[in-house]
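Trainee: This is the content of coords31.csv (CSV, C-alpha atoms):
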```
chain,number,residue,atom,x,y,z
A,1,MET,CA,127.0,115.3,142.6
A,2,ALA,CA,128.3,118.0,140.2
A,3,ILE,CA,130.4,118.0,137.1
A,4,GLU,CA,133.0,120.7,136.4
A,5,PHE,CA,134.9,121.0,133.1
A,6,ILE,CA,138.5,121.9,133.8
A,7,SER,CA,141.7,122.6,131.9
A,8,ALA,CA,145.4,123.0,132.6
A,9,ILE,CA,148.6,123.9,130.6
A,10,SER,CA,151.1,121.2,130.1
A,11,GLU,CA,154.3,121.8,128.0
A,12,GLY,CA,152.5,124.9,126.5
A,13,ARG,CA,149.4,122.9,125.4
A,14,LYS,CA,146.0,123.0,126.9
A,15,ILE,CA,144.8,119.7,128.3
A,16,TYR,CA,141.2,119.1,129.3
A,17,GLY,CA,139.5,117.2,132.1
A,18,ILE,CA,136.3,116.6,134.0
A,19,LEU,CA,136.0,116.9,137.8
A,20,HIS,CA,133.3,114.9,139.5
A,21,LEU,CA,132.4,116.7,142.7
A,22,PRO,CA,130.6,115.0,145.5
A,23,ARG,CA,128.2,116.9,147.8
A,24,SER,CA,130.4,116.6,150.8
A,25,PRO,CA,132.7,119.6,151.6
A,26,SER,CA,136.5,119.4,150.9
A,27,PRO,CA,136.4,115.8,149.7
A,28,PRO,CA,139.4,113.6,149.0
A,29,CYS,CA,140.3,113.5,145.3
A,30,VAL,CA,141.5,110.8,142.9
A,31,ILE,CA,143.2,111.7,139.7
A,32,ALA,CA,142.5,109.1,137.0
A,33,SER,CA,145.1,108.7,134.2
A,34,HIS,CA,144.1,106.7,131.1
A,35,GLY,CA,146.0,104.3,128.9
A,36,LEU,CA,148.2,104.9,125.9
A,37,PHE,CA,145.6,105.2,123.2
A,38,SER,CA,142.5,105.8,125.4
A,39,SER,CA,140.9,108.9,126.7
A,40,LYS,CA,139.1,110.3,129.8
A,41,ASP,CA,135.8,109.4,128.2
A,42,SER,CA,136.3,105.7,128.2
A,43,GLU,CA,133.4,103.9,129.7
A,44,LYS,CA,135.2,102.6,132.7
A,45,PHE,CA,136.6,106.0,133.6
A,46,ALA,CA,133.2,107.6,133.3
A,47,GLN,CA,131.9,104.8,135.6
A,48,ILE,CA,134.7,105.5,138.1
A,49,GLY,CA,133.9,109.2,138.2
A,50,GLU,CA,130.2,108.6,138.8
A,51,TYR,CA,130.6,105.8,141.3
A,52,PHE,CA,133.3,107.5,143.4
A,53,SER,CA,131.6,110.9,143.5
A,54,ALA,CA,128.3,109.4,144.6
A,55,ARG,CA,130.1,108.0,147.6
A,56,GLY,CA,132.0,111.1,148.7
A,57,VAL,CA,135.3,110.9,146.7
A,58,ALA,CA,136.0,113.4,143.9
A,59,VAL,CA,137.5,112.3,140.7
A,60,ILE,CA,139.5,114.1,138.0
A,61,ARG,CA,139.7,112.3,134.7
A,62,TYR,CA,141.6,114.0,131.9
A,63,ASP,CA,143.0,113.7,128.4
A,64,HIS,CA,146.7,113.5,127.8
A,65,GLN,CA,148.2,115.6,125.1
A,66,GLY,CA,147.1,114.3,121.7
A,67,CYS,CA,144.2,112.4,123.2
A,68,GLY,CA,140.5,113.2,123.4
A,69,GLU,CA,139.9,116.9,123.6
A,70,SER,CA,143.4,117.9,124.6
A,71,GLU,CA,145.8,119.8,122.3
A,72,GLY,CA,148.8,118.1,120.7
A,73,GLU,CA,149.5,115.0,118.6
A,74,ILE,CA,149.5,111.4,119.8
A,75,SER,CA,152.6,110.8,117.7
A,76,GLU,CA,154.5,113.2,120.0
A,77,THR,CA,153.6,111.4,123.3
A,78,THR,CA,156.2,110.1,125.7
A,79,VAL,CA,156.3,108.9,129.3
A,80,SER,CA,157.8,112.3,130.2
A,81,SER,CA,155.1,114.3,128.5
A,82,ARG,CA,152.4,112.2,130.2
A,83,LEU,CA,154.0,112.7,133.5
A,84,LYS,CA,154.0,116.4,132.9
A,85,ASP,CA,150.2,116.2,132.1
A,86,LEU,CA,149.6,114.3,135.4
A,87,GLU,CA,151.6,116.9,137.3
A,88,ALA,CA,149.6,119.7,135.8
A,89,MET,CA,146.3,118.1,136.9
A,90,PHE,CA,147.7,117.3,140.3
A,91,GLU,CA,148.6,121.0,140.9
A,92,LEU,CA,145.1,121.9,139.7
A,93,ALA,CA,143.6,119.6,142.3
A,94,VAL,CA,145.9,120.9,145.1
A,95,SER,CA,144.8,124.5,144.4
A,96,HIS,CA,141.1,123.8,143.8
A,97,PRO,CA,139.0,125.6,146.4
A,98,LEU,CA,136.4,122.8,146.7
A,99,LEU,CA,138.8,119.9,147.1
A,100,GLY,CA,140.6,118.7,150.2
A,101,ASN,CA,144.3,118.0,150.4
A,102,ARG,CA,144.0,114.2,150.4
A,103,ILE,CA,144.9,113.1,146.9
A,104,GLY,CA,145.3,109.6,145.4
A,105,LEU,CA,146.2,108.4,141.9
A,106,LEU,CA,144.4,105.7,139.8
A,107,GLY,CA,145.9,104.7,136.5
A,108,SER,CA,145.1,102.2,133.8
A,109,SER,CA,147.9,100.6,131.9
A,110,MET,CA,150.2,103.5,130.8
A,111,GLY,CA,148.2,105.7,133.2
A,112,GLY,CA,149.2,103.4,136.0
A,113,PHE,CA,152.8,103.4,134.9
A,114,ILE,CA,153.2,107.2,135.1
A,115,SER,CA,151.3,107.2,138.4
A,116,ILE,CA,154.0,105.1,139.9
A,117,PHE,CA,156.6,107.7,139.2
A,118,LYS,CA,154.4,110.6,140.5
A,119,GLY,CA,153.7,108.7,143.6
A,120,ALA,CA,157.3,107.9,144.2
A,121,MET,CA,158.5,111.5,144.0
A,122,ASP,CA,155.7,113.3,145.6
A,123,PRO,CA,154.7,112.7,149.3
A,124,ARG,CA,151.4,114.5,148.7
A,125,VAL,CA,150.2,111.3,146.9
A,126,LYS,CA,148.6,109.3,149.7
A,127,ALA,CA,147.4,106.2,147.9
A,128,LEU,CA,147.7,104.5,144.5
A,129,VAL,CA,145.5,102.1,142.6
A,130,LEU,CA,147.0,100.4,139.4
A,131,TRP,CA,144.8,98.7,136.8
A,132,ALA,CA,146.5,96.4,134.3
A,133,THR,CA,149.8,98.3,134.8
A,134,PRO,CA,153.2,97.2,133.2
A,135,SER,CA,156.3,96.9,135.3
A,136,HIS,CA,158.4,97.6,132.2
A,137,PHE,CA,158.3,97.7,128.4
A,138,ALA,CA,160.4,95.1,126.5
A,139,GLY,CA,160.5,97.2,123.3
A,140,LYS,CA,158.4,97.8,120.3
A,141,GLU,CA,155.2,95.9,119.9
A,142,GLU,CA,154.6,93.9,116.7
A,143,GLY,CA,152.4,96.6,115.3
A,144,ASP,CA,155.2,99.2,115.9
A,145,LYS,CA,157.7,97.0,114.1
A,146,LYS,CA,155.5,96.9,111.1
A,147,GLY,CA,155.2,100.7,111.0
A,148,VAL,CA,151.5,100.9,111.8
A,149,SER,CA,151.9,102.6,115.2
A,150,PRO,CA,151.6,106.4,115.4
A,151,LEU,CA,154.4,106.4,118.0
A,152,LYS,CA,157.8,107.8,117.1
A,153,GLU,CA,161.2,106.6,118.0
A,154,THR,CA,161.4,109.3,120.7
A,155,PHE,CA,158.7,107.4,122.7
A,156,TYR,CA,161.0,104.4,123.0
A,157,GLN,CA,164.1,106.4,123.7
A,158,ASP,CA,162.3,108.4,126.4
A,159,MET,CA,161.0,105.1,127.9
A,160,LYS,CA,164.5,104.0,128.7
A,161,LYS,CA,164.7,106.7,131.4
A,162,TYR,CA,161.9,105.1,133.5
A,163,ASP,CA,162.1,102.0,135.6
A,164,ALA,CA,158.9,101.3,137.5
A,165,ARG,CA,160.5,98.4,139.3
A,166,GLN,CA,162.8,100.8,141.1
A,167,ALA,CA,160.2,103.6,141.6
A,168,ILE,CA,157.6,101.4,143.2
A,169,LYS,CA,159.9,100.5,146.0
A,170,LYS,CA,159.1,104.0,147.3
A,171,ILE,CA,155.4,103.4,147.1
A,172,ALA,CA,153.1,102.2,150.0
A,173,ASN,CA,149.3,102.1,150.2
A,174,CYS,CA,149.2,100.5,146.7
A,175,LEU,CA,146.4,98.3,145.3
A,176,ILE,CA,147.2,96.4,142.1
A,177,LEU,CA,144.3,95.0,140.0
A,178,HIS,CA,145.1,92.7,137.1
A,179,GLY,CA,143.4,90.3,134.7
A,180,GLU,CA,144.6,86.7,134.8
A,181,THR,CA,144.7,86.5,131.0
A,182,ASP,CA,145.7,90.2,130.2
A,183,GLU,CA,146.6,90.1,126.6
A,184,LEU,CA,148.8,93.2,126.7
A,185,VAL,CA,150.5,93.2,130.1
A,186,PRO,CA,151.3,89.7,131.3
A,187,LEU,CA,150.3,88.8,134.9
A,188,PRO,CA,153.9,88.3,136.1
A,189,GLN,CA,154.5,92.0,135.7
A,190,ALA,CA,151.7,92.8,138.2
A,191,LYS,CA,153.2,90.2,140.6
A,192,GLU,CA,156.6,91.9,140.2
A,193,LEU,CA,155.2,95.3,141.0
A,194,TYR,CA,153.4,93.9,144.0
A,195,SER,CA,156.6,92.1,145.3
A,196,LEU,CA,158.5,95.4,145.2
A,197,ALA,CA,156.0,97.8,146.7
A,198,SER,CA,156.0,98.6,150.4
A,199,PRO,CA,153.1,97.6,152.7
A,200,PRO,CA,150.3,98.1,153.0
A,201,LYS,CA,149.6,96.7,149.6
A,202,HIS,CA,147.4,94.2,147.9
A,203,LEU,CA,147.3,92.3,144.5
A,204,GLU,CA,143.9,91.2,143.2
A,205,VAL,CA,143.9,88.8,140.2
A,206,PHE,CA,140.7,88.6,138.2
A,207,GLU,CA,140.2,85.0,137.0
A,208,GLY,CA,139.9,85.0,133.2
A,209,GLY,CA,140.1,88.8,133.2
A,210,ASP,CA,141.5,90.8,130.2
A,211,HIS,CA,143.4,94.0,129.9
A,212,ARG,CA,140.5,96.4,129.7
A,213,PHE,CA,138.3,94.7,132.4
A,214,THR,CA,135.6,94.3,129.8
A,215,ASN,CA,133.7,91.7,131.9
A,216,PRO,CA,131.0,93.8,133.7
A,217,THR,CA,131.4,91.7,136.9
A,218,HIS,CA,135.1,92.2,136.9
A,219,ARG,CA,134.9,95.9,136.2
A,220,ARG,CA,132.3,96.5,138.9
A,221,ARG,CA,134.4,94.7,141.4
A,222,ALA,CA,137.5,96.6,140.4
A,223,ILE,CA,135.7,99.9,140.8
A,224,GLU,CA,134.4,98.8,144.2
A,225,MET,CA,137.8,97.7,145.4
A,226,SER,CA,139.4,100.8,144.2
A,227,LEU,CA,137.0,103.0,146.1
A,228,GLU,CA,137.4,101.0,149.2
A,229,TRP,CA,141.1,101.4,149.0
A,230,PHE,CA,141.0,105.1,148.7
A,231,GLN,CA,138.4,105.4,151.5
A,232,ARG,CA,140.8,103.5,153.7
A,233,TYR,CA,144.0,105.4,152.9
A,234,LEU,CA,143.0,108.9,151.8
```
For this file, write the structure as structure tokens.
Mentor:
Amino acid sequence: MAIEFISAISEGRKIYGILHLPRSPSPPCVIASHGLFSSKDSEKFAQIGEYFSARGVAVIRYDHQGCGESEGEISETTVSSRLKDLEAMFELAVSHPLLGNRIGLLGSSMGGFISIFKGAMDPRVKALVLWATPSHFAGKEEGDKKGVSPLKETFYQDMKKYDARQAIKKIANCLILHGETDELVPLPQAKELYSLASPPKHLEVFEGGDHRFTNPTHRRRAIEMSLEWFQRYL
């Protein structure tokens, strides 16, 4: 396997990523989008890149604007800006000379949320895997109400434009992975997304699992299931 450091321009800012390349020619590629306050260098995303590429599937993991190495400020983030970031990385993947044209999306939490919209509006997305992904946002979290969140009011205003429950109706080939005791995204939201998606689809609930899949056994199984899904549908 090989590692390539990549970058793209999104809304005039440079965003950075890492491409995990398998040895096989023109491999399928999975674009992995991280959660709201995470980055491409989270332990589970690094594991996904290494595990997938060792088994013939390329992975692009990247930092959204204001996260990790990418330019911008986290306080400026919105669903719209994150979707633009994903679109920039998608176009990079499509035009990359060493990648094939079979592209899937994997998203964790907010990363899964934006992946739903990209998959719904772009037929080039062949399969989708959602980890701990919300179907909707009820409003400001407790920390936001107390003024300790870096997010601005524009984040919440922008959010109103996006309804994942409508968008996922256009999605097939979707695997949903969710912790039974997810402390940030309640399990009923995963069940709601599953009920609205088109077949083929599957919902896997991890007994006692949390939002970040911190249990090593859960995480390993989630990574294995994700790869199996992409190998089947890409």
Trainee: Tell me, in Å to one decimal, how far CA of Leu177 in chain A is from CA of Arg82 in chain A.
Mentor: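 Separation between CA of Leu177 in chain A and CA of Arg82 in chain A: 21.4 Å.
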Trainee: Rank A:Leu21, A:Leu92, A:Leu83, A:Ala167 by their smallest atom-to-atom distance to Ala8 in chain A, using all atoms listed in the file, and report the top residue only.
Mentor: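 Looking at the shortest contact to Ala8 in chain A, the residue is A:Leu92.
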Trainee: Got a sec: who's within 10 Å of Met1 in chain A, counting all atoms listed in the file, leaving out chain neighbours fewer than 6 positions off, as a PyMOL selection string?
Mentor: chain A and resi 20-24+50+53-56+58
Trainee: Could you check which of A:Tyr16, A:Tyr194, A:Tyr162, A:Tyr51 is closest to Leu175 in chain A, using only C-alpha atoms?
Mentor: A:Tyr194
Trainee: Within 10 Å of Asp158 in chain A, counting only C-alpha atoms, which residues show up once you throw out same-chain ones fewer than 5 positions away? Write them as a list in words, please.
Mentor: Thr77, Thr78, Val79, Ser80, Ser81 and Glu153 of chain A
